[in-house]
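K.L.:
Supplied in structure tokens, the structure appears directly below.
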Amino acid sequence: MSNQELGKAYDPSQVEDRWYRFWTEQGYFHADPAARKAPFTIVCPPPNVTGSLHMGHALTFTIQDILIRWKRMQAYNAMWLPGVDHAGIATQLVVERQLKRTENKTRHDLGREEFLRRVWAWKAESGSRITEQLRKLGCSLDWKRERFTMDDGLSAAVREAFVRMYEDGLIYRARRLINWCSRCFTALSDLEVEHKDEAGSLWHIAYPVLGSDDKLTVATTRPETMLGDTAIAVHPEDERFKHLIGKRAVVPLTGRDVPIIGDAELVSKEFGTGAVKVTPGHDPNDFEVGVRHSLEQLSIFDTAGRLIAPAPVKYVGLTVADARKAVLADLEAEAALVKTEPHALALGRCGRCDTVVEPMLSLQWFVKTKPLAAPAIAAVEEGKTRFVPESWTKVYMHWMTNIRDWCISRQLWWGHRIPAWHCAGCAAITVAREAPAACGKCGGAVTQDEDVLDTWFSSGLWPFSTLGWPEQTKDLKNFYPNSVMETGHDILFFWVARMMMMGLYFMKKPPFHTVYLHAMVVDEDGEKMSKVKGNVIDPLDVIGGASLESMLAAAEKAGAPKQALSNIKKTYPDGIPAAGADSLRFALAVQAAQGRNIRLSLQRIESFRHFANKVWNASRFALMYLKGFDPDRFADALREEPKSLGLGLAERWILSRLTRVSKEVDDALEDFRVNEAAQQLYRFIWNELCDWYIELAKPALHVEGPASSLTDEVARRKRMAQGTLTTCLETALRLLHPFMPYLSEEIWQKLPKPLGTPNSIMVTLYPIPDAQLIDDEAETVMGLVQEVVGAVRTLRAEYGVPLAARPRVVVFATGARLEVLTAQLALVQGLARAEVELAQGPGTAPEKSVQAVVQGDVEVYLPLGGLIDVAAEAARLDKELAKARADVAFSERKLGNASFVDRAPAEIVDKERAAMAEAKAREEKLAAALARLK
RNA sequence: AGGCGCGUAGCUCAGUGGAAGAGCACUACCUUGACACGGUAGGGGUCGCCGGUUCGAACCCGGCCGUGCCUACCA
């Protein structure tokens with residue numbers, strides 16, 4: 001590669017697509033299962049096929065890509081498998097809506113087969129959108145291994161899993177109380193129901209006791225369900241009602257009478273009236289009571305959410321809401337409604353469509369979870385799988401321990417059809433991998449079960465079904481268990497827990513070693529991003545930029561309300577400027593602290609766009625001065641015998657810092673502290689490499705003329721600076737690559753590199769810290785240089801000495817410090833932009849000068865030609881002196897404490913003594929300066 | 001009702017036992033031969049409150065207040 005010059009500012013749009021294409025063409029995303037390298041696997045949790053990339057995706061895929069690129073550069077056989085999920089309910093809903101809109105038809109008008117054909121057509125057209133978007137983000141996914149949960153292979157895996165579990169008695173069919181969404185028209189698992197507290201009422205209703213004048217008053221939040229009551233329950237030890245147990249009560253409005261039972265588990269004596277109506281057909285608690293007391297189960301709602309018999313004819317056909325009104329009115333009329341009080345209740349709503357879910361008796365398929373949960377608990381207890389952050393272990397354990405059977409059948413068309421066939425003749429069920437010709441029991445005709453499986457059933461198999469299971473493929477052998485599962489903590493139960501259960505059951509090993517759960521991306525006010533609120537930031541808008549008009553159009557298309565549109569107008573009057581994928585990635589990474597939500601703002605992203613530009617310009621600077629530089633000689637010497645190079649202080653210092661930072665970045669990534677790794681890089685590149693080293697190297701680099709015209713020493717110094725700068729930059733870019741793949745590649749390609757270097761940064765080695773380069777002395781000396789330079793700069797700034805002026809500065813120092821400063825005089829002068837006179841201290845203050853004190857006894861004087869504002873200088877010195885005195889007092893108090901000196905580690909005590917000596921010296925100098933001034 | 005977080009500079013957040021840090025915002029100065037998407041300097045914090053442990057606490061322990069999330073069948 002030649003040393004091309006870079007443009008003045010980094011423009012991601014000119015860079016990103018080009019490199020993504022290059023990486024793909026080179027096959028660098030593909031992992032060869034035959035490679036003789038240790039595997040590192042991440043199987044990406046599949047996003048919904050209906051989805052388009054949002055910030056949550058951007059975060060999870062950024063973190064995964066960071067991990068995978070890092071491990072790939074560490075010479076692991078890194079494999080990151082992409083794919084999407086068929087998202088049963090969501091997808092069916094999308095296609096149904098489209099059908100309604102374009103043809104005004106329902107899925108029933110088309111019939112099952114034709115409808116499914118339409119879904120596949122929709123998938124072919126819009127379903128791959130998200131995978132395209134992931135490419136924009138720079139994700140190094142192994143696209144050759146891309147999977148879809150409805151693929152043939154994965155469908156076969158689902159059938160295999162179902163059949164085996166059925167044969168092992170882990171899948172059964174039963175009539176149970178399930179969650180029913182009357183809009184999606186399907187059963188839901190407990191996890192798909194969201195509970196929120198909502199305002200409601202507690203109605204007190206009087207039930208006449210049969211054969212007496214007594215009335216028993218119950219309290220309920222759902223009066224309409226009384227039409228399905230089959231008992232009244234009181235606490236068996238409640239003196240008020242004990243005598244009624246065994247008698248019967250009349251259910252108002254129905255004329256039916258039901259038993260009064262005693263049940264200590266259901267009824268609390270303190271709550272409400274102390275008596276509870278029991279509706280086993282429409283309440284999970286009551287269902288349990290019904291089982292305990294052999295009560296009748298009445299269903300009075302149909303699947304569409306309307307009342308049916310045995311509810312009295314009068315109410316049949318009403319919706320649940322209307323029935324409530326009617327029932328309350330009628331109770332009032334009968335004077336059976338005793339009291340109404342406000343009461344909050346947790347209503348269950350469908351996670352997909354927000355419709356209130358109704359507990360309904362229904363014949364469904366279930367997974368027996370207890371036997372699956374036990375190994376999933378053990379695997380974590382035994383440390384075979386660990387959670388990061390560790391605090392999720394408890395949450396997982398709690399859920400696994402209290403797990404309930406899982407309803408897996410859905411009354412949908414889009415999904416894996418349940419591999420069970422019902423016999424018309426004998427009603428036997430045949431469960432099989434392939435459609436049976438006839439009933440296994442009586443040989444009669446069979447028809448396949450109409451239902452499909454919960455989408456999460458196939459997701460549970462994902463870590464191994466994607467690798468070819470049930471076939472014993474090379475991939476399966478090589479990449480199972482996966483190394484890391486990286487996902488949001490919101491789907492710990494949906495995905496992780498079920499993958500654990502399924503993985504252990506079918507593969508006998510947990511599906512992953514580490515589960516890394518990241519926090520949620522929210523807006524800058526900490527609110528969940530939602531289209532309804534209009535506070536979403538679309539990752540693609542951030543990457544490529546967006547006009548206000550296009551943002552409004554997109555929001556409108558997504559069905560955002562007016563309020564959301566006006567929010568967008570207010571927040572982004574000028575749209576969003578293009579920041580590029582790398583800036584977005586870095587912004588997400590640096591904020592991804594464990595256990596804390598990420599409040600994302602455009603402003604924050606912009607600051608990392610500036611960072612990208614900073615890296616770009618530092619590189620641009622370097623490239624300007626690297627012409628004719630031979631990287632091989634320097635690199636070899638640095639690796640084999642760094643001392644032989646005779647590096648200057650600045651070089652030794654920055655290489656030492658680079659080495660430490662490499663180690664810190666690597667350590668942080670090892671612990672999933674992605675944010676700290678990113679932060680370290682940001683600081684190193686900006687605050688050390690750019691702010692200090694580049695400035696320090698300028699004099700050495702900025703020498704005119706061809707090498708032959710320079711003296712040997714000047715030419716040598718230039719080579720050292722060139723070599724050091726290249727090394728730091730090249731190493732920093734490799735460190736940065738997992739975070740900012742495009743920028744790092746674009747620049748890296750242009751840097752001079754030793755022979756035999758690969759053709760892409762993504763297949764180079766991740767930097768390995770070289771202990772030889774750690775240089776404590778250089779770091780200490782640089783510390784002094786920085787402080788002296790800082791003192792001069794402060795004085796210049798305080799007294800308005802213009803930058804163009806090159807004032808005379810007098811510095812007095814003693815001992816080792818004087819030696820060091822003498823040796824580094826050129827550096828100090830360059831950075832301070834001053835002529836520095838060094839002398840043995842203590843010295844006499846030059847006429848009309850202002851002063852600072854550094855490291856105890858280094859005196860820095862800036863003589864001012866004209867008049868000094870005595871009052872201002874006195875005030876400044878006063879402040880410094882006060883600080884010095886406070887420092888002395890603090891140390892004195894500490895060292896005066898006998899138990900501190902006795903019990904604190906010697907190292908700490910020594911440090912404190914040194915600090916006191918330094919502060920005392922400083923105090924003395926400052927006091928003298930002040931006295932002189934007055 | 002339980003569980004888990006969080007509370008540090010105006011804002012957003014790092015920091016897990018030895019005298020408080022970053023980014024943004026703010027103030028002053030500066031077109032200095034990489035960068036104004038920049039530079040230099042500066043202002044700004046009793047680390048939510050109260051106790052305890054410790055020579056020493058933002059950090060460990062207990063309680064309280066505020067706040068967020070998750071789980072749960074209290075009608």
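How things are named: the first chain in the structure tokens is A, the next is B, and so on; residues count from 1 in each chain; ligands count from 1 in the order shown.
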Only residues of chain B matter here; which ones have an atom within 6 Å of chain A, counting only C-alpha atoms (C1' of nucleotides)? Give them as a tab-separated table (two decimals) with C-alpha atoms (C1' of nucleotides), in the first residue's frame.
P.N.:
```tsv
chain	number	residue	atom	x	y	z
B	34	A	C1'	-3.06	17.03	11.51
B	35	C	C1'	-7.68	18.35	13.25
B	37	C	C1'	-15.43	17.77	14.33
B	41	A	C1'	-6.09	27.48	30.42
B	55	C	C1'	-5.73	3.76	61.13
B	73	C	C1'	-52.84	-16.03	41.58
B	75	A	C1'	-60.23	-11.85	45.32
```
K.L.:
Would you return as an NGL selection string the members of range 73-300 of chain A that DSSP assigns to strand (DSSP E) on this structure's backbone?
P.N.:
:A and (77-81 or 83-84 or 147-148 or 171-181 or 186-188 or 193-208 or 215-220 or 231-234 or 248-250 or 257-262 or 275-278)
K.L.:
Expressed in Å to a single decimal, how great is the separation between CA of Gly383 in chain A and CA of Tyr480 in chain A?
P.N.:
17.0 Å
K.L.:
Find, counting only C-alpha atoms, the residue in A:Ala75, A:Ala432, A:Ala592, A:Ile654 that gets nearest to Gln448 in chain A.
P.N.:
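Residue with the minimum atom-to-atom distance to Gln448 in chain A: A:Ala432.
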K.L.:
Any idea what's packed within 10 Å of Val250 in chain A, counting only C-alpha atoms (C1' of nucleotides), ignoring anything in its chain fewer than 5 positions away? Could you give it as a list in words?
P.N.:
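What passes the distance filter is Ala206, Tyr207, Pro208, Val209, Leu210, Lys215, Leu216, Ala231, Ile232, Gly255, Arg256, Asp257, Val258, Pro259 and Ile260 of chain A.
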K.L.:
Residues of the last selection are to be written out with N, CA, C and O atoms, as a compact mmCIF listing (two decimals), in the first residue's frame.
P.N.:
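Saved to selection-v3.txt:
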```txt
# COMPACT_ATOMS: atom_id res chain seq x y z
N ALA A 206 -73.85 -9.35 47.31
CA ALA A 206 -74.48 -10.23 48.31
C ALA A 206 -75.10 -11.46 47.65
O ALA A 206 -75.87 -11.33 46.70
N TYR A 207 -74.72 -12.63 48.14
CA TYR A 207 -75.29 -13.90 47.65
C TYR A 207 -76.19 -14.45 48.76
O TYR A 207 -75.72 -14.68 49.88
N PRO A 208 -77.48 -14.69 48.46
CA PRO A 208 -78.38 -15.28 49.49
C PRO A 208 -77.94 -16.71 49.82
O PRO A 208 -77.57 -17.46 48.91
N VAL A 209 -77.97 -17.03 51.12
CA VAL A 209 -77.65 -18.39 51.52
C VAL A 209 -78.92 -19.22 51.47
O VAL A 209 -79.96 -18.81 52.01
N LEU A 210 -78.84 -20.34 50.82
CA LEU A 210 -80.01 -21.17 50.59
C LEU A 210 -80.52 -21.72 51.91
O LEU A 210 -79.74 -22.18 52.74
N LYS A 215 -77.17 -13.62 54.18
CA LYS A 215 -76.55 -13.31 52.90
C LYS A 215 -75.04 -13.36 53.10
O LYS A 215 -74.53 -12.98 54.14
N LEU A 216 -74.38 -13.82 52.08
CA LEU A 216 -72.92 -13.87 52.13
C LEU A 216 -72.41 -12.88 51.09
O LEU A 216 -72.73 -13.00 49.91
N ALA A 231 -68.78 -21.88 43.11
CA ALA A 231 -68.69 -22.02 44.57
C ALA A 231 -68.48 -20.66 45.20
O ALA A 231 -68.20 -19.67 44.51
N ILE A 232 -68.66 -20.60 46.52
CA ILE A 232 -68.24 -19.46 47.32
C ILE A 232 -67.27 -20.02 48.33
O ILE A 232 -67.52 -21.09 48.90
N GLY A 255 -79.87 -17.76 39.28
CA GLY A 255 -80.76 -18.73 39.89
C GLY A 255 -80.06 -20.02 40.28
O GLY A 255 -80.61 -20.85 40.98
N ARG A 256 -78.83 -20.19 39.85
CA ARG A 256 -78.10 -21.41 40.21
C ARG A 256 -77.67 -21.31 41.67
O ARG A 256 -77.44 -20.21 42.19
N ASP A 257 -77.55 -22.46 42.35
CA ASP A 257 -76.96 -22.40 43.67
C ASP A 257 -75.68 -23.22 43.70
O ASP A 257 -75.54 -24.21 42.98
N VAL A 258 -74.74 -22.74 44.49
CA VAL A 258 -73.40 -23.33 44.52
C VAL A 258 -72.98 -23.58 45.94
O VAL A 258 -73.49 -22.95 46.87
N PRO A 259 -72.05 -24.53 46.15
CA PRO A 259 -71.63 -24.85 47.52
C PRO A 259 -70.80 -23.73 48.15
O PRO A 259 -70.10 -23.01 47.44
N ILE A 260 -70.90 -23.62 49.47
CA ILE A 260 -70.00 -22.74 50.22
C ILE A 260 -68.92 -23.62 50.79
O ILE A 260 -69.21 -24.59 51.50
```
K.L.:
Compare A:Ala376, A:Ala587, A:Ala199, A:Ile178 by their minimum atom-to-atom distance to G23 in chain B, counting only C-alpha atoms (C1' of nucleotides), and give me the closest one.
P.N.:
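Smallest distance to G23 in chain B is found for A:Ala587.
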K.L.:
What is the CA of Lys339 in chain A-CA of Thr254 in chain A distance in Å, reported with one decimal?
P.N.:
20.2 Å
K.L.:
Using DSSP secondary structure from the backbone, list all alpha helix (DSSP H) positions within range 547-726 of chain A, as an NGL selection string.
P.N.:
:A and (548-557 or 562-571 or 580-591 or 602-624 or 631-640 or 649-670 or 674-683 or 695-701 or 712-726)
K.L.:
When you look at range 62-66 of chain B with a cut-off of 12 Å (counting only C-alpha atoms (C1' of nucleotides)), what residues show up, excluding the ones that are within fewer than 5 positions of it in the same chain? I need them as a list in words.
P.N.:
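So, after excluding close chain neighbours, the residues are C6, G7, G48, C49, C50, G51, G52 and U53 of chain B.
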K.L.:
Can you pull out every residue within 10 Å of Ala373 in chain A, counting only C-alpha atoms (C1' of nucleotides), but drop anything in the same chain fewer than 4 positions away, and send it as a ChimeraX atom specification?
P.N.:
/A:368-369,377-379,397,399-404,497-498,500-502,504-505
K.L.:
How would the residues just picked look written out with all heavy atoms as a compact mmCIF listing (two decimals), in the first residue's frame?
P.N.:
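Output file out07.txt follows:
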```
# COMPACT_ATOMS: atom_id res chain seq x y z
N LYS A 368 -43.71 -30.20 29.95
CA LYS A 368 -43.50 -30.41 31.38
C LYS A 368 -42.12 -29.84 31.70
O LYS A 368 -41.10 -30.35 31.23
CB LYS A 368 -43.54 -31.92 31.66
CG LYS A 368 -43.87 -32.27 33.09
CD LYS A 368 -43.85 -33.76 33.31
CE LYS A 368 -45.13 -34.45 32.81
NZ LYS A 368 -45.07 -35.94 33.03
N THR A 369 -42.07 -28.80 32.46
CA THR A 369 -40.81 -28.06 32.57
C THR A 369 -39.92 -28.46 33.75
O THR A 369 -38.71 -28.28 33.69
CB THR A 369 -41.07 -26.55 32.67
OG1 THR A 369 -42.13 -26.35 33.59
CG2 THR A 369 -41.44 -25.98 31.32
N ILE A 377 -30.71 -25.72 36.18
CA ILE A 377 -30.30 -25.12 37.45
C ILE A 377 -28.92 -25.65 37.84
O ILE A 377 -28.02 -24.89 38.20
CB ILE A 377 -31.33 -25.45 38.56
CG1 ILE A 377 -32.63 -24.69 38.27
CG2 ILE A 377 -30.78 -25.10 39.93
CD1 ILE A 377 -33.82 -25.15 39.10
N ALA A 378 -28.76 -26.96 37.69
CA ALA A 378 -27.49 -27.59 38.08
C ALA A 378 -26.32 -27.03 37.28
O ALA A 378 -25.24 -26.76 37.82
CB ALA A 378 -27.59 -29.11 37.90
N ALA A 379 -26.53 -26.83 35.98
CA ALA A 379 -25.44 -26.35 35.13
C ALA A 379 -24.91 -25.01 35.61
O ALA A 379 -23.70 -24.75 35.57
CB ALA A 379 -25.92 -26.23 33.68
N MET A 397 -32.17 -18.30 38.56
CA MET A 397 -32.44 -19.40 39.49
C MET A 397 -33.87 -19.32 40.02
O MET A 397 -34.57 -20.31 40.10
CB MET A 397 -31.47 -19.35 40.67
CG MET A 397 -30.08 -19.78 40.32
SD MET A 397 -30.03 -21.51 39.82
CE MET A 397 -28.27 -21.76 39.71
N TRP A 399 -36.46 -17.94 38.69
CA TRP A 399 -37.45 -18.27 37.66
C TRP A 399 -37.46 -19.77 37.39
O TRP A 399 -38.50 -20.40 37.30
CB TRP A 399 -37.13 -17.49 36.38
CG TRP A 399 -38.23 -17.58 35.36
CD1 TRP A 399 -39.39 -16.89 35.35
CD2 TRP A 399 -38.26 -18.42 34.21
NE1 TRP A 399 -40.15 -17.24 34.26
CE2 TRP A 399 -39.48 -18.18 33.53
CE3 TRP A 399 -37.37 -19.36 33.68
CZ2 TRP A 399 -39.84 -18.83 32.36
CZ3 TRP A 399 -37.73 -20.01 32.50
CH2 TRP A 399 -38.95 -19.75 31.85
N MET A 400 -36.29 -20.34 37.27
CA MET A 400 -36.17 -21.77 36.97
C MET A 400 -36.77 -22.62 38.08
O MET A 400 -37.35 -23.66 37.84
CB MET A 400 -34.69 -22.16 36.81
CG MET A 400 -34.14 -21.98 35.43
SD MET A 400 -34.95 -23.07 34.24
CE MET A 400 -34.03 -22.65 32.78
N THR A 401 -36.57 -22.17 39.31
CA THR A 401 -37.06 -22.94 40.45
C THR A 401 -38.58 -22.90 40.53
O THR A 401 -39.21 -23.85 40.97
CB THR A 401 -36.45 -22.38 41.76
OG1 THR A 401 -35.08 -22.07 41.52
CG2 THR A 401 -36.56 -23.38 42.88
N ASN A 402 -39.16 -21.78 40.13
CA ASN A 402 -40.62 -21.64 40.24
C ASN A 402 -41.32 -21.82 38.89
O ASN A 402 -42.42 -21.34 38.68
CB ASN A 402 -40.95 -20.26 40.80
CG ASN A 402 -40.40 -20.11 42.21
OD1 ASN A 402 -40.88 -20.76 43.13
ND2 ASN A 402 -39.38 -19.31 42.36
N ILE A 403 -40.63 -22.47 38.00
CA ILE A 403 -41.14 -22.58 36.63
C ILE A 403 -42.45 -23.37 36.59
O ILE A 403 -42.69 -24.26 37.41
CB ILE A 403 -40.07 -23.24 35.74
CG1 ILE A 403 -40.39 -23.02 34.28
CG2 ILE A 403 -39.93 -24.73 36.07
CD1 ILE A 403 -39.21 -23.30 33.37
N ARG A 404 -43.31 -22.99 35.65
CA ARG A 404 -44.57 -23.71 35.47
C ARG A 404 -44.62 -24.28 34.06
O ARG A 404 -43.88 -23.83 33.18
CB ARG A 404 -45.73 -22.76 35.70
CG ARG A 404 -45.58 -22.10 37.09
CD ARG A 404 -46.86 -21.79 37.72
NE ARG A 404 -47.45 -20.60 37.16
CZ ARG A 404 -48.74 -20.31 37.30
NH1 ARG A 404 -49.54 -21.13 37.94
NH2 ARG A 404 -49.22 -19.20 36.79
N ALA A 497 -33.17 -18.98 29.11
CA ALA A 497 -33.63 -20.06 29.98
C ALA A 497 -34.08 -21.27 29.15
O ALA A 497 -33.75 -22.41 29.45
CB ALA A 497 -34.78 -19.58 30.85
N ARG A 498 -34.81 -20.99 28.08
CA ARG A 498 -35.30 -22.11 27.27
C ARG A 498 -34.19 -22.76 26.47
O ARG A 498 -34.18 -23.97 26.26
CB ARG A 498 -36.42 -21.61 26.36
CG ARG A 498 -37.73 -21.49 27.15
CD ARG A 498 -38.64 -20.52 26.54
NE ARG A 498 -39.92 -20.45 27.26
CZ ARG A 498 -40.89 -19.62 26.92
NH1 ARG A 498 -40.72 -18.80 25.89
NH2 ARG A 498 -42.00 -19.58 27.60
N MET A 500 -31.21 -23.03 27.54
CA MET A 500 -30.52 -23.85 28.55
C MET A 500 -31.23 -25.19 28.71
O MET A 500 -30.60 -26.25 28.71
CB MET A 500 -30.48 -23.12 29.89
CG MET A 500 -29.49 -21.97 29.97
SD MET A 500 -27.77 -22.49 29.89
CE MET A 500 -27.54 -23.17 31.54
N MET A 501 -32.55 -25.13 28.84
CA MET A 501 -33.31 -26.37 29.06
C MET A 501 -33.20 -27.30 27.85
O MET A 501 -32.92 -28.48 27.99
CB MET A 501 -34.78 -26.03 29.34
CG MET A 501 -34.98 -25.31 30.66
SD MET A 501 -36.72 -25.23 31.17
CE MET A 501 -37.36 -23.99 30.09
N MET A 502 -33.42 -26.73 26.67
CA MET A 502 -33.41 -27.54 25.46
C MET A 502 -32.00 -28.06 25.15
O MET A 502 -31.81 -29.20 24.77
CB MET A 502 -33.91 -26.72 24.27
CG MET A 502 -35.32 -26.19 24.44
SD MET A 502 -36.55 -27.50 24.31
CE MET A 502 -37.75 -26.70 23.27
N LEU A 504 -29.50 -28.60 27.17
CA LEU A 504 -29.09 -29.66 28.09
C LEU A 504 -29.84 -30.95 27.79
O LEU A 504 -29.28 -32.04 27.89
CB LEU A 504 -29.33 -29.21 29.53
CG LEU A 504 -28.25 -28.27 30.06
CD1 LEU A 504 -28.76 -27.44 31.22
CD2 LEU A 504 -27.02 -29.07 30.47
N TYR A 505 -31.10 -30.81 27.42
CA TYR A 505 -31.88 -32.02 27.19
C TYR A 505 -31.41 -32.77 25.95
O TYR A 505 -31.22 -33.99 25.99
CB TYR A 505 -33.36 -31.65 27.05
CG TYR A 505 -34.23 -32.87 26.98
CD1 TYR A 505 -34.37 -33.69 28.09
CD2 TYR A 505 -34.87 -33.24 25.80
CE1 TYR A 505 -35.12 -34.85 28.04
CE2 TYR A 505 -35.64 -34.39 25.74
CZ TYR A 505 -35.76 -35.19 26.87
OH TYR A 505 -36.50 -36.33 26.80
```
K.L.:
Determine, counting only C-alpha atoms (C1' of nucleotides), which protein, DNA and RNA residues have an atom within 12 Å of an atom of Phe185 in chain A; residues of the same chain fewer than 3 positions away are not included. Present the result as a PyMOL selection string.
P.N.:
chain A and resi 89+92-93+179-182+188+302-305+350+352-353+355-358+360+410-413+451
